[in-house]
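Structure first, commentary second.
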Amino acid sequence: VIYFTHIISLSLSFSSSTLRILSTIYSASLSEMWSYVCLPFLLLFWNDLAVAKASESIFLPTQTGADSSRAFGPVCSSPDPNLNYRPVIGILSHPGDGASGRLTNDTSTTYIAASYVKFAEAGGARVIPLIYNEPEELLFQKLELVNGVIFTGGWAKKYEYFDIVKKIFNKALERNDAGEHFPVFGICLGFELMSIIISQNRDILERFDAEDNASSLQFVENINIKGTLFQRFPPELL
């Protein structure tokens, strides 16, 4: 605008050739000015377009294959904000009220000690109760919703409780054999029941009498504890 006004004011005193020179200078200056103004916007638009295109397809390193165009792109998918990625652990209930019948003597009563729930939650998991005496169809529907199972401590080694533990354990084996990582964690009675199921020997358990005895674990020779719970144990406990 400044150049244009200046040209108009001097047009009466300058020759036509002079006007052509000034007009050329004005046009060049205006073009240069638009370049400075538009270039940042073009760069910003191009950057946004590149980011949007990159977010459409995100690949793992093994998925890039021989396609070199993806070699330096994103390598993992962004989390879905609508999904909860915390694992869900099913805890099997135990017969009784957990208080030796002081709360109720109903034979259909079942309980899960809060300590097992807190144990799973302390590791970042969510918990679903698996009621051992509920209809099996419902129980196995819930089993399909969990990422692992905990068998708790207790006293019930026979009859209906043992049968349902065995069925759940076999379901877990099927899922692991199919390639799914489905852990089963047994505590006290839970570990004993798994020992009976795996060995197919109900007499495998032996009585013992020990109290306040801090002893180390004794492993068989050449055992590999890498990747197991015992890998993190200090040497003095092994």
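In the structure tokens, the first chain shown is A, the next is B, and so on; residue numbers restart at 1 for each chain, and ligands run from 1 in the order shown.
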
Discussion item. Please return, as a PyMOL selection string, all residues of region 108-228 of chain A that DSSP assigns to helix (DSSP H, G or I) on the basis of the backbone.
Written reply: chain A and resi 114-122+136-143+159-177+189-199

Worksheet entry | Neighbour list for region 173-181 of chain A as a list in words, cut-off 8 Å, only C-alpha atoms, skip fewer than 3 positions in-chain |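 Contacts, with the query itself left out: Asn147, Phe169 and Asn170 of chain A.
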
Could you write those residues out with N, CA and C atoms, as a compact mmCIF listing (two decimals), in the first residue's frame?
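The resulting selection_18.txt:
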```txt
# COMPACT_ATOMS: atom_id res chain seq x y z
N ASN A 147 -7.83 -62.77 32.89
CA ASN A 147 -6.51 -63.01 32.31
C ASN A 147 -5.67 -63.96 33.15
N PHE A 169 -8.63 -75.51 36.23
CA PHE A 169 -7.22 -75.76 35.91
C PHE A 169 -7.08 -76.32 34.50
N ASN A 170 -7.95 -77.24 34.13
CA ASN A 170 -7.89 -77.81 32.78
C ASN A 170 -8.23 -76.76 31.72
```

Discussion item. Can you pull out the residues contacting Pro235 (chain A)? Cut-off 12 Å, using only C-alpha atoms, and skip same-chain residues under 6 positions away; I want them as JSON, numbers by chain.
Written reply: {"A": [216, 217, 218]}

Worksheet item: Given the choices A:Pro135, A:Gly186, A:Gly124, A:Pro79, which gets closest to Leu92 (chain A) if the distance is worked out from only C-alpha atoms?
Response: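 When distances to Leu92 (chain A) are compared using only C-alpha atoms, the smallest one comes from A:Gly186.
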